[in-house]
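Coordinates as given in data_36.pdb (PDB, C-alpha atoms):
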ATOM      1  CA  MET X   1      22.734-134.007-180.090  1.00  0.00           C
ATOM      2  CA  SER X   2      22.435-137.556-178.833  1.00  0.00           C
ATOM      3  CA  ILE X   3      19.227-139.572-178.749  1.00  0.00           C
ATOM      4  CA  GLU X   4      19.525-139.744-174.969  1.00  0.00           C
ATOM      5  CA  LYS X   5      19.721-135.946-174.713  1.00  0.00           C
ATOM      6  CA  LEU X   6      16.739-135.496-177.017  1.00  0.00           C
ATOM      7  CA  ASP X   7      14.873-138.110-175.021  1.00  0.00           C
ATOM      8  CA  ARG X   8      15.305-135.954-171.901  1.00  0.00           C
ATOM      9  CA  GLN X   9      14.920-132.545-173.575  1.00  0.00           C
ATOM     10  CA  LYS X  10      11.541-130.837-173.558  1.00  0.00           C
ATOM     11  CA  LEU X  11      10.885-129.653-177.090  1.00  0.00           C
ATOM     12  CA  ASP X  12       8.671-126.730-176.047  1.00  0.00           C
ATOM     13  CA  PRO X  13      10.390-123.430-176.813  1.00  0.00           C
ATOM     14  CA  ILE X  14      11.296-121.266-173.847  1.00  0.00           C
ATOM     15  CA  LYS X  15      10.141-117.689-174.303  1.00  0.00           C
ATOM     16  CA  PHE X  16      11.460-114.396-172.984  1.00  0.00           C
ATOM     17  CA  THR X  17       9.154-112.331-170.781  1.00  0.00           C
ATOM     18  CA  LYS X  18       8.193-108.858-172.007  1.00  0.00           C
ATOM     19  CA  ARG X  19      10.465-107.355-169.336  1.00  0.00           C
ATOM     20  CA  GLN X  20      13.393-109.496-170.504  1.00  0.00           C
ATOM     21  CA  GLN X  21      12.718-108.523-174.126  1.00  0.00           C
ATOM     22  CA  GLU X  22      12.819-104.838-173.236  1.00  0.00           C
ATOM     23  CA  ARG X  23      16.083-105.273-171.303  1.00  0.00           C
ATOM     24  CA  ILE X  24      17.658-107.173-174.202  1.00  0.00           C
ATOM     25  CA  LYS X  25      16.524-104.538-176.699  1.00  0.00           C
ATOM     26  CA  LYS X  26      18.018-101.849-174.462  1.00  0.00           C
ATOM     27  CA  LYS X  27      21.278-103.820-174.230  1.00  0.00           C
ATOM     28  CA  TYR X  28      21.462-103.794-178.047  1.00  0.00           C
ATOM     29  CA  GLN X  29      20.210-100.193-178.275  1.00  0.00           C
ATOM     30  CA  ASN X  30      17.167-101.380-180.270  1.00  0.00           C
ATOM     31  CA  ARG X  31      19.478-102.431-183.101  1.00  0.00           C
ATOM     32  CA  CYS X  32      20.220-105.670-184.924  1.00  0.00           C
ATOM     33  CA  ALA X  33      23.346-107.351-183.570  1.00  0.00           C
ATOM     34  CA  LEU X  34      24.493-108.084-187.137  1.00  0.00           C
ATOM     35  CA  CYS X  35      23.763-105.027-189.278  1.00  0.00           C
ATOM     36  CA  TRP X  36      23.233-102.507-186.476  1.00  0.00           C
ATOM     37  CA  LEU X  37      20.055-101.166-188.115  1.00  0.00           C
ATOM     38  CA  GLY X  38      17.141-100.687-185.786  1.00  0.00           C
ATOM     39  CA  THR X  39      13.901 -99.032-184.889  1.00  0.00           C
ATOM     40  CA  GLY X  40      15.439 -95.566-185.308  1.00  0.00           C
ATOM     41  CA  ASP X  41      16.167 -96.504-188.931  1.00  0.00           C
ATOM     42  CA  GLY X  42      12.607 -97.721-189.502  1.00  0.00           C
ATOM     43  CA  VAL X  43      13.677-101.374-189.285  1.00  0.00           C
ATOM     44  CA  ASP X  44      11.634-103.910-187.314  1.00  0.00           C
ATOM     45  CA  ILE X  45      13.594-105.919-184.758  1.00  0.00           C
ATOM     46  CA  CYS X  46      12.920-109.021-182.693  1.00  0.00           C
ATOM     47  CA  VAL X  47      14.422-110.685-179.650  1.00  0.00           C
ATOM     48  CA  THR X  48      15.651-114.245-180.112  1.00  0.00           C
ATOM     49  CA  HIS X  49      17.908-116.744-178.383  1.00  0.00           C
ATOM     50  CA  LYS X  50      21.638-116.945-179.096  1.00  0.00           C
ATOM     51  CA  GLN X  51      21.413-120.633-178.225  1.00  0.00           C
ATOM     52  CA  GLU X  52      17.971-122.148-178.788  1.00  0.00           C
ATOM     53  CA  SER X  53      16.221-123.991-175.963  1.00  0.00           C
ATOM     54  CA  ILE X  54      16.358-127.275-177.927  1.00  0.00           C
ATOM     55  CA  ASP X  55      20.145-126.933-177.781  1.00  0.00           C
ATOM     56  CA  GLY X  56      20.152-126.232-174.047  1.00  0.00           C
ATOM     57  CA  GLY X  57      19.795-122.447-174.189  1.00  0.00           C
ATOM     58  CA  SER X  58      17.919-120.607-171.486  1.00  0.00           C
ATOM     59  CA  SER X  59      15.743-117.527-171.513  1.00  0.00           C
ATOM     60  CA  SER X  60      18.270-115.452-169.643  1.00  0.00           C
ATOM     61  CA  ILE X  61      19.197-111.897-170.594  1.00  0.00           C
ATOM     62  CA  GLU X  62      22.711-113.157-171.435  1.00  0.00           C
ATOM     63  CA  ASN X  63      21.247-115.606-173.971  1.00  0.00           C
ATOM     64  CA  GLY X  64      19.159-112.892-175.636  1.00  0.00           C
ATOM     65  CA  LEU X  65      19.937-111.460-179.043  1.00  0.00           C
ATOM     66  CA  VAL X  66      18.320-108.740-181.144  1.00  0.00           C
ATOM     67  CA  LEU X  67      18.003-109.253-184.894  1.00  0.00           C
ATOM     68  CA  CYS X  68      16.288-107.246-187.591  1.00  0.00           C
ATOM     69  CA  THR X  69      13.503-109.104-189.366  1.00  0.00           C
ATOM     70  CA  GLU X  70      15.732-109.689-192.408  1.00  0.00           C
ATOM     71  CA  HIS X  71      18.532-111.343-190.416  1.00  0.00           C
ATOM     72  CA  SER X  72      15.978-113.231-188.339  1.00  0.00           C
ATOM     73  CA  LYS X  73      14.464-114.614-191.567  1.00  0.00           C
ATOM     74  CA  ILE X  74      17.896-115.594-192.893  1.00  0.00           C
ATOM     75  CA  ARG X  75      18.664-117.384-189.630  1.00  0.00           C
ATOM     76  CA  TYR X  76      15.273-119.108-189.649  1.00  0.00           C
ATOM     77  CA  ASP X  77      15.669-120.201-193.291  1.00  0.00           C
ATOM     78  CA  ALA X  78      19.133-121.590-192.519  1.00  0.00           C
ATOM     79  CA  GLU X  79      17.639-123.590-189.651  1.00  0.00           C
ATOM     80  CA  LEU X  80      14.885-124.894-191.935  1.00  0.00           C
ATOM     81  CA  ASN X  81      17.560-126.259-194.241  1.00  0.00           C
ATOM     82  CA  HIS X  82      18.553-128.619-191.466  1.00  0.00           C
ATOM     83  CA  THR X  83      15.089-130.103-191.050  1.00  0.00           C
ATOM     84  CA  LYS X  84      15.926-133.303-192.911  1.00  0.00           C
ATOM     85  CA  THR X  85      18.845-134.031-190.591  1.00  0.00           C
ATOM     86  CA  TYR X  86      16.718-133.152-187.553  1.00  0.00           C
ATOM     87  CA  THR X  87      13.802-135.269-188.801  1.00  0.00           C
ATOM     88  CA  ALA X  88      16.077-138.274-189.353  1.00  0.00           C
ATOM     89  CA  LEU X  89      17.351-137.901-185.798  1.00  0.00           C
ATOM     90  CA  MET X  90      13.821-137.623-184.429  1.00  0.00           C
ATOM     91  CA  LEU X  91      12.896-140.775-186.347  1.00  0.00           C
ATOM     92  CA  LYS X  92      15.677-142.559-184.482  1.00  0.00           C
ATOM     93  CA  VAL X  93      14.313-141.189-181.209  1.00  0.00           C
ATOM     94  CA  ALA X  94      10.805-142.414-182.075  1.00  0.00           C
ATOM     95  CA  LYS X  95      12.177-145.861-182.897  1.00  0.00           C
ATOM     96  CA  HIS X  96      14.190-145.841-179.663  1.00  0.00           C
ATOM     97  CA  ARG X  97      11.012-144.981-177.734  1.00  0.00           C
ATOM     98  CA  LYS X  98       9.031-147.541-179.762  1.00  0.00           C
ATOM     99  CA  ASN X  99       6.491-144.835-180.562  1.00  0.00           C
ATOM    100  CA  LYS X 100       4.835-145.990-183.802  1.00  0.00           C
ATOM    101  CA  ASN X 101       2.747-142.818-184.302  1.00  0.00           C
ATOM    102  CA  MET X 102       5.796-140.559-184.118  1.00  0.00           C
ATOM    103  CA  GLU X 103       7.806-143.017-186.197  1.00  0.00           C
ATOM    104  CA  ASN X 104       5.129-142.849-188.920  1.00  0.00           C
ATOM    105  CA  LEU X 105       5.037-139.057-188.747  1.00  0.00           C
ATOM    106  CA  TYR X 106       8.804-138.610-189.146  1.00  0.00           C
ATOM    107  CA  SER X 107       8.913-141.250-191.881  1.00  0.00           C
ATOM    108  CA  GLU X 108       6.256-139.319-193.798  1.00  0.00           C
ATOM    109  CA  VAL X 109       8.160-136.043-193.340  1.00  0.00           C
ATOM    110  CA  LEU X 110      11.305-137.682-194.748  1.00  0.00           C
ATOM    111  CA  GLU X 111       9.264-138.967-197.678  1.00  0.00           C
ATOM    112  CA  MET X 112       8.137-135.383-198.331  1.00  0.00           C
ATOM    113  CA  HIS X 113      11.779-134.298-198.395  1.00  0.00           C
ATOM    114  CA  GLU X 114      12.388-136.871-201.104  1.00  0.00           C
ATOM    115  CA  LYS X 115       9.200-136.006-203.008  1.00  0.00           C
ATOM    116  CA  TYR X 116      10.100-132.300-203.171  1.00  0.00           C
ATOM    117  CA  ASN X 117      13.834-132.886-203.549  1.00  0.00           C
ATOM    118  CA  ILE X 118      14.796-131.133-200.326  1.00  0.00           C
ATOM    119  CA  ASN X 119      18.236-132.527-199.697  1.00  0.00           C
ATOM    120  CA  ARG X 120      19.112-130.957-196.357  1.00  0.00           C
TER     121      ARG X 120
END
Can you turn what I pasted into structure tokens?
Amino acid sequence: MSIEKLDRQKLDPIKFTKRQQERIKKKYQNRCALCWLGTGDGVDICVTHKQESIDGGSSSIENGLVLCTEHSKIRYDAELNHTKTYTALMLKVAKHRKNKNMENLYSEVLEMHEKYNINR
């Protein structure tokens, strides 16, 4: 994602309405799209975005996805592994905007990556 796109993008997550969530769950028969386990199997499920709002995804039914909590956690953990790359990009955005507070914040986050040897 380019700095210009991030500069224009609102970083607030877009949420599904309760009605949309129910329609998406029905579409997936209350089952995880990956393992096909669901509420009937005693597995908790959640509705998430196929393409996240930060990447241009909308909260449309077509962009909805059902995952079990285990696959949702795996997906979330995989996304967390990219925080260093994301933080470095946001540091560039802060510098581009000449926003010293945000620049300091992202610099400190990158320092924490180094301190705790988080290499992604």
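Ranking X:Leu91, X:Tyr116, X:Asn104, X:Lys15 by their shortest atom-to-atom distance to His49 (chain X), with only C-alpha atoms included, puts X:Lys15 first.
Within 12 Å of the point (8.6, -138.5, -196.1), counting all atoms listed in the file, the protein and nucleic acid residues come to Thr83, Lys84, Thr87, Ala88, Leu91, Glu103, Asn104, Leu105, Tyr106, Ser107, Glu108, Val109, Leu110, Glu111, Met112, His113, Glu114, Lys115, Tyr116, Asn117, Ile118 and Asn119 of chain X.
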Could you tell me, as a JSON list (two decimals) with C-alpha atoms, in the coordinates of the input, exactly which residues end up selected when the PyMOL selection byres ((chain X and resi 70) around 10) is applied to this structure?
[["chain", "number", "residue", "atom", "x", "y", "z"],
["X", 32, "CYS", "CA", 20.22, -105.67, -184.92],
["X", 35, "CYS", "CA", 23.76, -105.03, -189.28],
["X", 43, "VAL", "CA", 13.68, -101.37, -189.28],
["X", 44, "ASP", "CA", 11.63, -103.91, -187.31],
["X", 45, "ILE", "CA", 13.59, -105.92, -184.76],
["X", 67, "LEU", "CA", 18.00, -109.25, -184.89],
["X", 68, "CYS", "CA", 16.29, -107.25, -187.59],
["X", 69, "THR", "CA", 13.50, -109.10, -189.37],
["X", 71, "HIS", "CA", 18.53, -111.34, -190.42],
["X", 72, "SER", "CA", 15.98, -113.23, -188.34],
["X", 73, "LYS", "CA", 14.46, -114.61, -191.57],
["X", 74, "ILE", "CA", 17.90, -115.59, -192.89],
["X", 75, "ARG", "CA", 18.66, -117.38, -189.63],
["X", 76, "TYR", "CA", 15.27, -119.11, -189.65]]
Problem set entry | Test item: the PyMOL selection byres ((chain X and resi 24) around 12) resolved as a PyMOL selection string | chain X and resi 16-23+25-33+45-50+59-67
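CA of Met90 (chain X) sits 16.7 Å away from CA of Gly56 (chain X).
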For this session: Quote the spacing between CA of Gly38 (chain X) and CA of His82 (chain X) in Å to one decimal place.
Result: 28.5 Å
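Across the structure, CA of Asp55 (chain X) and CA of Tyr86 (chain X) are spaced 12.1 Å apart.
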